[in-house]
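Pasted below: protein.csv, CSV, C-alpha atoms.
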chain,number,residue,atom,x,y,z
A,22,MET,CA,-101.6,80.7,25.7
A,23,SER,CA,-104.9,82.0,24.6
A,24,ILE,CA,-105.4,85.7,24.4
A,25,PHE,CA,-108.4,85.1,26.7
A,26,TYR,CA,-106.2,83.7,29.5
A,27,PRO,CA,-106.4,87.0,31.5
A,28,LEU,CA,-110.2,86.9,31.2
A,29,GLN,CA,-110.2,83.3,32.6
A,30,LEU,CA,-108.1,84.5,35.6
A,31,LEU,CA,-110.6,87.3,36.2
A,32,VAL,CA,-113.6,84.9,35.9
A,33,ASP,CA,-111.9,82.4,38.2
A,34,TRP,CA,-111.4,85.1,40.8
A,35,LEU,CA,-115.0,86.2,40.4
A,36,THR,CA,-116.4,82.7,40.8
A,37,TYR,CA,-114.2,81.5,43.7
A,38,SER,CA,-113.3,84.7,45.6
A,39,VAL,CA,-116.2,87.1,45.0
A,40,PHE,CA,-119.1,84.8,44.6
A,41,ARG,CA,-117.5,82.3,47.1
A,42,ILE,CA,-118.6,79.2,45.3
A,43,ALA,CA,-116.6,76.1,46.2
A,44,PRO,CA,-114.4,75.0,43.3
A,45,GLN,CA,-115.0,71.6,41.6
A,46,THR,CA,-118.7,71.7,42.1
A,47,LEU,CA,-121.4,71.6,39.4
A,48,LEU,CA,-122.5,75.1,40.4
A,49,ALA,CA,-119.0,76.6,40.2
A,50,ASP,CA,-118.5,75.0,36.9
A,51,ALA,CA,-121.8,76.3,35.4
A,52,VAL,CA,-121.2,79.9,36.9
A,53,ASN,CA,-117.7,80.0,35.7
A,54,PHE,CA,-118.7,78.9,32.2
A,55,PHE,CA,-121.5,81.4,32.0
A,56,VAL,CA,-119.5,84.4,33.1
A,57,TYR,CA,-116.5,83.5,31.0
A,58,ASP,CA,-118.5,82.8,27.8
A,59,THR,CA,-120.7,85.8,28.2
A,60,LEU,CA,-117.8,88.2,28.7
A,61,LYS,CA,-115.8,86.6,25.9
A,62,ILE,CA,-118.6,86.8,23.4
A,63,PHE,CA,-119.4,90.4,24.2
A,64,ILE,CA,-115.7,91.4,23.8
A,65,LEU,CA,-115.5,89.6,20.5
A,66,LEU,CA,-118.8,91.0,19.3
A,67,THR,CA,-117.8,94.6,20.0
A,68,VAL,CA,-114.4,94.3,18.4
A,69,ILE,CA,-115.4,92.4,15.3
A,70,ILE,CA,-118.7,94.1,14.5
A,71,PHE,CA,-116.9,97.5,14.8
A,72,VAL,CA,-114.2,96.4,12.4
A,73,VAL,CA,-116.7,94.8,10.0
A,74,SER,CA,-118.8,98.0,10.1
A,75,ILE,CA,-115.8,100.1,9.1
A,76,ILE,CA,-115.1,97.8,6.1
A,77,ARG,CA,-118.8,97.9,5.3
A,78,SER,CA,-118.9,101.7,5.2
A,79,PHE,CA,-116.6,101.3,2.1
A,80,LEU,CA,-118.8,98.6,0.6
A,81,PRO,CA,-122.4,99.7,0.3
A,82,PRO,CA,-124.6,97.5,-1.9
A,83,GLU,CA,-124.6,100.2,-4.6
A,84,LYS,CA,-120.8,99.7,-4.9
A,85,THR,CA,-121.2,95.9,-4.8
A,86,ARG,CA,-123.6,96.2,-7.8
A,87,LYS,CA,-121.1,98.2,-9.7
A,88,LEU,CA,-118.5,95.5,-9.0
A,89,LEU,CA,-120.9,92.8,-10.2
A,90,SER,CA,-122.3,94.2,-13.4
A,91,GLY,CA,-120.5,93.0,-16.5
A,92,LYS,CA,-118.8,90.1,-14.7
A,93,SER,CA,-118.9,86.7,-16.5
A,94,LYS,CA,-121.2,84.0,-15.0
A,95,TYR,CA,-118.9,82.0,-12.7
A,96,THR,CA,-116.7,85.0,-11.7
A,97,GLY,CA,-119.8,86.8,-10.8
A,98,ASN,CA,-121.0,84.0,-8.5
A,99,VAL,CA,-117.7,84.0,-6.7
A,100,ILE,CA,-117.4,87.7,-6.3
A,101,ALA,CA,-121.1,88.0,-5.2
A,102,SER,CA,-120.6,85.4,-2.5
A,103,VAL,CA,-117.5,87.1,-1.1
A,104,LEU,CA,-119.0,90.6,-1.2
A,105,GLY,CA,-122.1,89.1,0.5
A,106,ILE,CA,-120.0,88.6,3.7
A,107,PHE,CA,-119.3,92.3,4.1
A,108,THR,CA,-122.4,93.9,2.6
A,109,PRO,CA,-125.0,94.9,5.2
A,110,PHE,CA,-128.1,92.9,4.9
A,111,CYS,CA,-131.4,93.1,6.6
A,112,SER,CA,-134.6,91.7,5.4
A,113,CYS,CA,-136.0,95.2,4.9
A,114,SER,CA,-133.4,95.6,2.1
A,115,ALA,CA,-134.0,92.3,0.4
A,116,ILE,CA,-136.4,93.7,-2.2
A,117,PRO,CA,-134.5,96.9,-3.2
A,118,LEU,CA,-131.4,94.8,-3.3
A,119,PHE,CA,-132.9,92.1,-5.5
A,120,LEU,CA,-134.5,94.7,-7.8
A,121,GLY,CA,-131.4,96.8,-7.9
A,122,PHE,CA,-129.2,93.9,-8.9
A,123,VAL,CA,-131.5,92.5,-11.5
A,124,GLN,CA,-132.5,95.8,-13.1
A,125,ALA,CA,-128.8,96.7,-13.4
A,126,GLY,CA,-128.3,93.6,-15.5
A,127,VAL,CA,-126.7,91.4,-12.8
A,128,PRO,CA,-127.7,87.8,-13.7
A,129,LEU,CA,-130.2,86.1,-11.5
A,130,GLY,CA,-127.8,83.3,-10.6
A,131,THR,CA,-125.3,85.8,-9.3
A,132,THR,CA,-128.0,87.7,-7.4
A,133,PHE,CA,-128.9,84.5,-5.7
A,134,SER,CA,-125.3,83.7,-4.7
A,135,PHE,CA,-125.4,87.1,-3.0
A,136,LEU,CA,-128.8,86.4,-1.3
A,137,VAL,CA,-127.4,83.2,0.2
A,138,ALA,CA,-124.0,84.5,1.3
A,139,SER,CA,-125.1,87.8,2.8
A,140,PRO,CA,-127.2,86.6,5.7
A,141,MET,CA,-125.5,83.2,6.1
A,142,ILE,CA,-122.0,84.5,6.7
A,143,ASN,CA,-122.6,87.4,9.0
A,144,GLU,CA,-120.4,88.9,11.7
A,145,VAL,CA,-122.6,87.8,14.6
A,146,ALA,CA,-122.5,84.1,13.6
A,147,LEU,CA,-118.8,84.5,12.9
A,148,VAL,CA,-118.1,85.9,16.4
A,149,LEU,CA,-120.0,83.2,18.1
A,150,LEU,CA,-118.3,80.5,16.2
A,151,LEU,CA,-114.9,82.0,16.9
A,152,GLY,CA,-115.6,82.4,20.6
A,153,LEU,CA,-117.3,79.1,21.2
A,154,PHE,CA,-115.7,76.7,18.8
A,155,GLY,CA,-112.4,78.3,17.8
A,156,TRP,CA,-111.0,79.6,14.6
A,157,LYS,CA,-110.9,76.3,12.7
A,158,ILE,CA,-114.6,75.7,12.9
A,159,ALA,CA,-115.2,79.4,12.1
A,160,LEU,CA,-113.1,79.0,9.0
A,161,ILE,CA,-114.8,75.8,8.0
A,162,TYR,CA,-118.1,77.6,8.4
A,163,ILE,CA,-117.1,80.5,6.1
A,164,VAL,CA,-115.5,78.4,3.4
A,165,SER,CA,-118.4,75.9,3.2
A,166,GLY,CA,-120.9,78.9,3.4
A,167,LEU,CA,-119.1,80.4,0.4
A,168,VAL,CA,-119.1,77.1,-1.5
A,169,ILE,CA,-122.9,76.7,-0.9
A,170,ALA,CA,-123.6,80.3,-2.0
A,171,ILE,CA,-121.5,79.9,-5.2
A,172,LEU,CA,-123.0,76.6,-6.1
A,173,SER,CA,-126.6,77.5,-5.3
A,174,GLY,CA,-126.3,80.6,-7.5
A,175,ILE,CA,-124.8,78.6,-10.4
A,176,VAL,CA,-127.5,75.9,-10.1
A,177,ILE,CA,-130.3,78.5,-10.0
A,178,GLY,CA,-128.8,80.3,-12.9
A,179,LYS,CA,-128.8,77.1,-15.0
A,180,LEU,CA,-132.5,76.6,-14.4
A,181,ASN,CA,-133.5,79.7,-16.4
A,182,PRO,CA,-135.3,81.3,-13.5
A,183,GLU,CA,-136.3,84.4,-15.5
A,184,SER,CA,-139.8,83.1,-16.1
A,185,LEU,CA,-140.3,82.7,-12.3
A,186,VAL,CA,-139.6,86.3,-11.5
A,187,GLU,CA,-142.6,88.7,-11.5
A,188,ALA,CA,-142.8,90.5,-14.8
A,189,PHE,CA,-142.5,94.0,-13.5
A,190,VAL,CA,-139.0,93.3,-12.3
A,191,PHE,CA,-137.7,93.5,-15.8
A,192,GLN,CA,-139.7,96.5,-16.9
A,193,ASN,CA,-137.3,99.0,-15.6
A,194,SER,CA,-133.7,99.4,-16.3
A,195,LEU,CA,-131.6,101.6,-14.2
A,196,ASN,CA,-128.9,104.1,-14.4
A,197,THR,CA,-126.2,102.9,-12.0
A,198,ASN,CA,-124.2,106.0,-11.7
A,199,THR,CA,-125.2,106.7,-8.2
A,200,VAL,CA,-123.7,109.5,-6.3
A,201,LEU,CA,-123.8,108.3,-2.7
A,202,PRO,CA,-123.4,110.8,0.1
A,203,GLN,CA,-119.7,111.0,0.9
A,204,MET,CA,-118.6,109.8,4.3
A,205,SER,CA,-115.7,111.2,6.3
A,206,TRP,CA,-113.6,109.0,8.7
A,207,ILE,CA,-115.4,110.6,11.6
A,208,GLU,CA,-118.7,109.6,10.1
A,209,ARG,CA,-117.5,106.1,9.4
A,210,PHE,CA,-116.5,105.7,13.0
A,211,ALA,CA,-119.8,107.1,14.2
A,212,TYR,CA,-121.6,104.7,11.8
A,213,ALA,CA,-119.6,101.8,13.1
A,214,LYS,CA,-120.2,102.8,16.7
A,215,ASP,CA,-124.0,103.2,16.2
A,216,TYR,CA,-124.2,99.9,14.2
A,217,THR,CA,-122.2,98.0,16.9
A,218,LEU,CA,-124.4,99.4,19.7
A,219,ASP,CA,-127.5,98.7,17.7
A,220,ILE,CA,-126.6,95.0,17.2
A,221,LEU,CA,-125.5,94.6,20.8
A,222,LYS,CA,-128.8,96.1,22.0
A,223,LYS,CA,-130.8,93.8,19.8
A,224,ILE,CA,-129.0,90.5,20.7
A,225,TRP,CA,-127.8,90.8,24.2
A,226,PRO,CA,-130.9,89.1,25.8
A,227,TYR,CA,-130.6,86.2,23.4
A,228,ILE,CA,-126.9,85.8,24.2
A,229,ILE,CA,-127.5,85.9,27.9
A,230,ILE,CA,-130.3,83.3,27.7
A,231,GLY,CA,-128.4,81.2,25.2
A,232,VAL,CA,-125.3,81.1,27.2
A,233,GLY,CA,-127.3,80.7,30.4
A,234,VAL,CA,-129.1,77.6,29.2
A,235,GLY,CA,-125.8,76.5,27.7
A,236,ALA,CA,-124.1,76.9,31.1
A,237,TRP,CA,-126.8,74.8,32.7
A,238,ILE,CA,-126.4,72.1,30.2
A,239,HIS,CA,-122.6,72.3,30.5
A,240,GLY,CA,-122.8,71.9,34.3
A,241,TYR,CA,-125.7,69.5,34.7
A,242,VAL,CA,-126.3,67.4,31.6
A,243,PRO,CA,-124.0,64.3,31.5
A,244,THR,CA,-121.5,64.3,28.6
A,245,ASP,CA,-122.6,62.1,25.7
A,246,PHE,CA,-126.1,62.3,26.8
A,247,LEU,CA,-127.2,63.7,23.5
A,248,ALA,CA,-125.0,61.5,21.4
A,249,ARG,CA,-127.8,58.9,21.5
A,250,PHE,CA,-130.1,61.3,19.7
A,251,ALA,CA,-127.9,63.4,17.6
A,252,GLY,CA,-124.5,61.8,17.3
A,253,SER,CA,-122.9,61.5,14.0
A,254,SER,CA,-124.1,57.9,13.5
A,255,LYS,CA,-127.7,59.2,13.2
A,256,TRP,CA,-128.3,60.1,9.6
A,257,TYR,CA,-131.5,62.0,10.3
A,258,GLY,CA,-129.8,64.4,12.7
A,259,VAL,CA,-128.6,66.8,9.9
A,260,PRO,CA,-131.9,67.2,7.9
A,261,LEU,CA,-133.8,67.5,11.2
A,262,ALA,CA,-131.4,70.3,12.4
A,263,VAL,CA,-131.9,72.2,9.1
A,264,LEU,CA,-135.7,71.9,9.3
A,265,ILE,CA,-135.7,73.2,12.9
A,266,GLY,CA,-133.3,76.1,11.9
A,267,ILE,CA,-135.6,77.7,9.3
A,268,PRO,CA,-138.0,79.6,11.5
A,269,LEU,CA,-135.3,80.5,14.1
A,270,TYR,CA,-133.7,83.4,12.1
A,271,SER,CA,-133.9,86.3,14.6
A,272,ASN,CA,-132.6,84.2,17.5
A,273,ALA,CA,-129.3,83.2,15.9
A,274,ALA,CA,-127.5,85.0,18.7
A,275,GLY,CA,-129.1,82.9,21.3
A,276,VAL,CA,-129.2,79.7,19.3
A,277,ILE,CA,-125.4,79.4,18.8
A,278,PRO,CA,-124.3,79.5,22.4
A,279,LEU,CA,-127.0,76.9,23.2
A,280,VAL,CA,-125.8,74.7,20.3
A,281,SER,CA,-122.3,75.0,21.5
A,282,ALA,CA,-123.2,73.4,24.8
A,283,LEU,CA,-125.2,70.7,23.0
A,284,THR,CA,-122.2,69.9,20.9
A,285,GLU,CA,-120.2,69.4,24.1
A,286,LYS,CA,-122.7,66.8,25.1
A,287,GLY,CA,-122.5,64.7,22.0
A,288,VAL,CA,-124.3,66.4,19.1
A,289,ALA,CA,-122.2,65.9,16.1
A,290,MET,CA,-120.2,68.9,14.8
A,291,GLY,CA,-121.6,68.6,11.2
A,292,THR,CA,-125.2,68.6,12.6
A,293,THR,CA,-124.3,71.7,14.6
A,294,LEU,CA,-122.8,73.5,11.6
A,295,ALA,CA,-125.9,72.6,9.4
A,296,PHE,CA,-128.2,73.9,12.1
A,297,MET,CA,-126.4,77.2,12.4
A,298,MET,CA,-126.3,77.6,8.6
A,299,SER,CA,-130.0,76.9,8.4
A,300,VAL,CA,-130.7,79.5,11.2
A,301,THR,CA,-128.9,82.2,9.4
A,302,ALA,CA,-129.3,81.5,5.7
A,303,LEU,CA,-132.9,80.2,5.5
A,304,SER,CA,-135.3,82.7,6.9
A,305,LEU,CA,-139.0,82.5,6.8
A,306,PRO,CA,-139.6,86.3,7.0
A,307,GLU,CA,-137.2,86.9,4.2
A,308,PHE,CA,-139.0,84.3,2.0
A,309,MET,CA,-142.3,86.1,2.7
A,310,ILE,CA,-140.8,89.4,1.6
A,311,LEU,CA,-139.3,87.9,-1.5
A,312,LYS,CA,-142.7,86.8,-2.6
A,313,LYS,CA,-143.4,90.4,-3.8
A,314,VAL,CA,-140.8,89.9,-6.6
A,315,MET,CA,-140.7,86.2,-7.4
A,316,LYS,CA,-143.1,83.4,-7.7
A,317,THR,CA,-143.5,80.9,-4.9
A,318,LYS,CA,-142.0,78.2,-7.0
A,319,LEU,CA,-138.7,80.1,-7.3
A,320,ILE,CA,-138.6,80.7,-3.5
A,321,LEU,CA,-139.2,77.0,-2.9
A,322,LEU,CA,-136.5,76.1,-5.4
A,323,PHE,CA,-134.1,78.6,-3.7
A,324,ALA,CA,-134.9,77.1,-0.3
A,325,ALA,CA,-134.6,73.5,-1.6
A,326,ILE,CA,-131.2,74.1,-3.2
A,327,VAL,CA,-129.7,75.9,-0.3
A,328,SER,CA,-131.1,73.3,2.1
A,329,THR,CA,-129.6,70.5,0.1
A,330,GLY,CA,-126.3,72.3,0.1
A,331,ILE,CA,-126.4,72.7,3.9
A,332,ILE,CA,-127.5,69.1,4.5
A,333,PHE,CA,-124.7,67.8,2.3
A,334,THR,CA,-122.2,70.0,4.2
A,335,GLY,CA,-123.4,68.8,7.5
A,336,LEU,CA,-123.2,65.1,6.5
A,337,LEU,CA,-119.8,65.6,5.0
A,338,PHE,CA,-118.5,67.2,8.2
A,339,ASN,CA,-120.0,64.5,10.3
A,340,LEU,CA,-117.9,62.1,8.3
A,341,LEU,CA,-114.8,64.2,8.4
A,342,LEU,CA,-114.8,65.4,12.0
A,343,LYS,CA,-115.6,62.1,13.6
B,15,MET,CA,-137.8,122.0,0.9
B,16,LYS,CA,-139.0,118.4,0.3
B,17,ILE,CA,-138.2,115.8,2.9
B,18,GLN,CA,-138.9,112.2,2.1
B,19,VAL,CA,-138.4,108.9,3.8
B,20,LEU,CA,-138.4,106.0,1.4
B,21,GLY,CA,-138.8,102.5,2.8
B,22,SER,CA,-140.4,99.2,2.4
B,23,GLY,CA,-142.5,99.5,5.5
B,24,CYS,CA,-140.2,97.5,7.7
B,25,PRO,CA,-139.8,98.5,11.4
B,26,THR,CA,-136.4,100.2,10.7
B,27,CYS,CA,-138.0,102.3,8.0
B,28,GLU,CA,-141.0,103.3,10.2
B,29,LYS,CA,-138.6,104.4,12.9
B,30,LEU,CA,-136.7,106.6,10.5
B,31,PHE,CA,-140.0,108.2,9.4
B,32,GLU,CA,-140.9,108.9,13.0
B,33,ILE,CA,-137.7,110.5,14.0
B,34,THR,CA,-137.5,112.5,10.8
B,35,LYS,CA,-140.9,113.9,11.6
B,36,GLN,CA,-139.6,114.7,15.1
B,37,ALA,CA,-136.4,116.3,13.7
B,38,ALA,CA,-138.4,118.5,11.2
B,39,ALA,CA,-140.8,119.6,14.0
B,40,GLU,CA,-137.8,120.5,16.3
B,41,LEU,CA,-136.3,122.6,13.5
B,42,ASN,CA,-139.7,124.3,12.9
B,43,ILE,CA,-139.9,123.1,9.3
B,44,ALA,CA,-143.5,123.4,8.3
B,45,ASP,CA,-143.2,121.0,5.3
B,46,GLU,CA,-144.8,117.7,5.6
B,47,VAL,CA,-142.3,114.7,5.8
B,48,GLU,CA,-143.4,112.3,3.1
B,49,TYR,CA,-143.3,108.6,3.5
B,50,VAL,CA,-142.7,106.8,0.2
B,51,LYS,CA,-143.4,103.1,0.1
B,52,ASP,CA,-142.8,102.7,-3.7
B,53,ILE,CA,-139.5,100.8,-3.7
B,54,GLN,CA,-139.0,101.6,-7.4
B,55,GLN,CA,-138.4,105.2,-6.4
B,56,ILE,CA,-135.4,104.1,-4.2
B,57,LEU,CA,-134.1,102.2,-7.2
B,58,ASN,CA,-134.6,105.2,-9.5
B,59,MET,CA,-132.3,107.2,-7.2
B,60,GLY,CA,-129.7,104.5,-7.9
B,61,LEU,CA,-129.9,103.1,-4.4
B,62,MET,CA,-130.5,99.6,-3.1
B,63,SER,CA,-130.8,99.9,0.7
B,64,SER,CA,-133.8,100.8,2.7
B,65,PRO,CA,-134.6,103.1,4.4
B,66,VAL,CA,-133.5,106.2,2.6
B,67,LEU,CA,-133.8,109.8,3.8
B,68,ALA,CA,-134.0,112.1,0.8
B,69,ILE,CA,-134.0,115.9,0.8
B,70,ASN,CA,-135.1,117.7,-2.4
B,71,GLY,CA,-134.9,114.3,-4.2
B,72,LYS,CA,-131.3,113.7,-3.2
B,73,PRO,CA,-130.3,110.9,-0.9
B,74,ALA,CA,-128.9,112.2,2.4
B,75,LEU,CA,-128.9,109.1,4.5
B,76,VAL,CA,-128.9,105.6,3.1
B,77,GLY,CA,-129.5,102.2,4.7
B,78,PHE,CA,-129.5,103.0,8.4
B,79,THR,CA,-131.4,104.9,11.1
B,80,PRO,CA,-129.4,107.4,13.1
B,81,ASP,CA,-130.7,109.5,16.0
B,82,VAL,CA,-132.7,112.7,15.8
B,83,GLU,CA,-129.6,115.0,16.2
B,84,LYS,CA,-127.9,113.5,13.2
B,85,ILE,CA,-131.0,114.0,11.1
B,86,LYS,CA,-131.2,117.6,12.2
B,87,THR,CA,-127.6,118.1,11.2
B,88,VAL,CA,-128.3,116.6,7.8
B,89,ILE,CA,-131.3,118.7,7.2
B,90,LYS,CA,-129.5,121.9,8.4
B,91,LYS,CA,-126.7,121.1,6.0
B,92,GLN,CA,-129.1,121.0,3.1
B,93,ILE,CA,-130.7,124.3,4.1
B,94,SER,CA,-127.5,126.3,4.1

This entry written out as structure tokens:
Amino acid sequence: MSIFYPLQLLVDWLTYSVFRIAPQTLLADAVNFFVYDTLKIFILLTVIIFVVSIIRSFLPPEKTRKLLSGKSKYTGNVIASVLGIFTPFCSCSAIPLFLGFVQAGVPLGTTFSFLVASPMINEVALVLLLGLFGWKIALIYIVSGLVIAILSGIVIGKLNPESLVEAFVFQNSLNTNTVLPQMSWIERFAYAKDYTLDILKKIWPYIIIGVGVGAWIHGYVPTDFLARFAGSSKWYGVPLAVLIGIPLYSNAAGVIPLVSALTEKGVAMGTTLAFMMSVTALSLPEFMILKKVMKTKLILLFAAIVSTGIIFTGLLFNLLLK
Amino acid sequence: MKIQVLGSGCPTCEKLFEITKQAAAELNIADEVEYVKDIQQILNMGLMSSPVLAINGKPALVGFTPDVEKIKTVIKKQIS
């Protein structure tokens, strides 16, 4: 029995007894789906973001840097990718983060592993995958995300990217003995509460819209309708999904519920995974910001390597999950 | 007392600057709140997140934007 069984009972009661919609109709189906998915996602979001924020309060990027400096190449890539999951990342911190790593002597390849993993594997994406696709797909997403981050970093490191970074980046070297303001447990909880509310405030409209459109598709679009366009037999589905995903960064919260409904109607799972990875990992605004510290060629290289990794993963899963 | 907000100019950083000005005004602190956009200064403090609220050159809040009350508490703590 799923832990959400009581929630399903509540939603059934709401749909059939409170809203008085006749069961077994398209409308009942869509309403039931909408209310259930929305509630489930908000419950998961609240719990998981709160827990991740508490962990985060122990792992500020300054500490991450300390853990990364002096690590050998490959170990560094692995650790950077794993730490990327928990380290808070917003595009406003992309530059200080990049400079801070590089000026403390963290290799560029390792820094890139972090820059890929941190936005791609974030708690919002994780919650939505968990809630809408189940833990197996969520796990596949995390593991393949980590692999892409590790490999992208290693490949970029091999290409001697130093010449493609703006010269001023290397002109400073830093003391890394930072004394961060100490946090008490009360402050950690307050931080986690604020952070959770902040994220919820930012994304709730997207979720409602995403789930709403998803519910409509769920109820009214015939199953397998989309298989003709985006089923696993169509090779171009995955690259196309990645391309569409790049400018959609800020709407990840609404995109995933929508995509979940599309998957139900025949879009291949690998295509869906690739799309979500592209939405979270490849972000146009972040690329614009990074232009301040690196040459366009390096950004394009970065985007190309990560895209290739995502496309490969998508195609692989389309083969495996058929 | 020197109150600085250091940030890259992103909306979160702007917001911290605004509410810090408000907090300083409510505490009757005459000193100007300074907005530093030079990211290297964040790094020189040993930090990597933006925005940062620094009081007398020391980081007091790093990487997030709380409400006015919290900023007032932080400033008051530094005065005493």

Contacts of segment 15-19 of chain B at 8 Å (all atoms listed in the file; same-chain gap of 4+ positions) as a PyMOL selection string:
chain B and resi 27+30-31+34+45-50+65-71

Since we have the selection now, will you write its residues out, keeping C-alpha atoms, as an mmCIF file, in the frame of the given file?
data_model
loop_
_atom_site.group_PDB
_atom_site.id
_atom_site.type_symbol
_atom_site.label_atom_id
_atom_site.label_comp_id
_atom_site.auth_asym_id
_atom_site.auth_seq_id
_atom_site.Cartn_x
_atom_site.Cartn_y
_atom_site.Cartn_z
ATOM 1 C CA CYS B 27 -138.000 102.300 8.000
ATOM 2 C CA LEU B 30 -136.700 106.600 10.500
ATOM 3 C CA PHE B 31 -140.000 108.200 9.400
ATOM 4 C CA THR B 34 -137.500 112.500 10.800
ATOM 5 C CA ASP B 45 -143.200 121.000 5.300
ATOM 6 C CA GLU B 46 -144.800 117.700 5.600
ATOM 7 C CA VAL B 47 -142.300 114.700 5.800
ATOM 8 C CA GLU B 48 -143.400 112.300 3.100
ATOM 9 C CA TYR B 49 -143.300 108.600 3.500
ATOM 10 C CA VAL B 50 -142.700 106.800 0.200
ATOM 11 C CA PRO B 65 -134.600 103.100 4.400
ATOM 12 C CA VAL B 66 -133.500 106.200 2.600
ATOM 13 C CA LEU B 67 -133.800 109.800 3.800
ATOM 14 C CA ALA B 68 -134.000 112.100 0.800
ATOM 15 C CA ILE B 69 -134.000 115.900 0.800
ATOM 16 C CA ASN B 70 -135.100 117.700 -2.400
ATOM 17 C CA GLY B 71 -134.900 114.300 -4.200
#

For chain B, list the residues within 6 Å of chain A, counting only C-alpha atoms, and write the list as a short mmCIF file (atom, residue, chain, number, x, y, z; two decimals) with C-alpha atoms, in the frame of the given file.
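Once everything was written out, this is selection.cif:
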data_model
loop_
_atom_site.label_atom_id
_atom_site.label_comp_id
_atom_site.auth_asym_id
_atom_site.auth_seq_id
_atom_site.Cartn_x
_atom_site.Cartn_y
_atom_site.Cartn_z
CA CYS B 24 -140.20 97.50 7.70
CA GLY B 60 -129.70 104.50 -7.90
CA MET B 62 -130.50 99.60 -3.10
CA SER B 63 -130.80 99.90 0.70
CA SER B 64 -133.80 100.80 2.70
#

What's around Arg77 of chain A at 10 Å? Count only C-alpha atoms, leave out sequence neighbours fewer than 2 positions away in its own chain, and write the answer as a count of residues only.
18

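Taking atom CA of Thr334 of chain A and atom CA of Gly266 of chain A as endpoints, the distance between them is 14.8 Å.
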
Enter the distance from atom CA of Lys61 of chain A to atom CA of Ala49 of chain A, in Å, rounded to one decimal.
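Going from atom CA of Lys61 of chain A over to atom CA of Ala49 of chain A, I get 17.7 Å.
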
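The gap separating atom CA of Met297 of chain A from atom CA of Val314 of chain A is 27.0 Å, in Å to one decimal.
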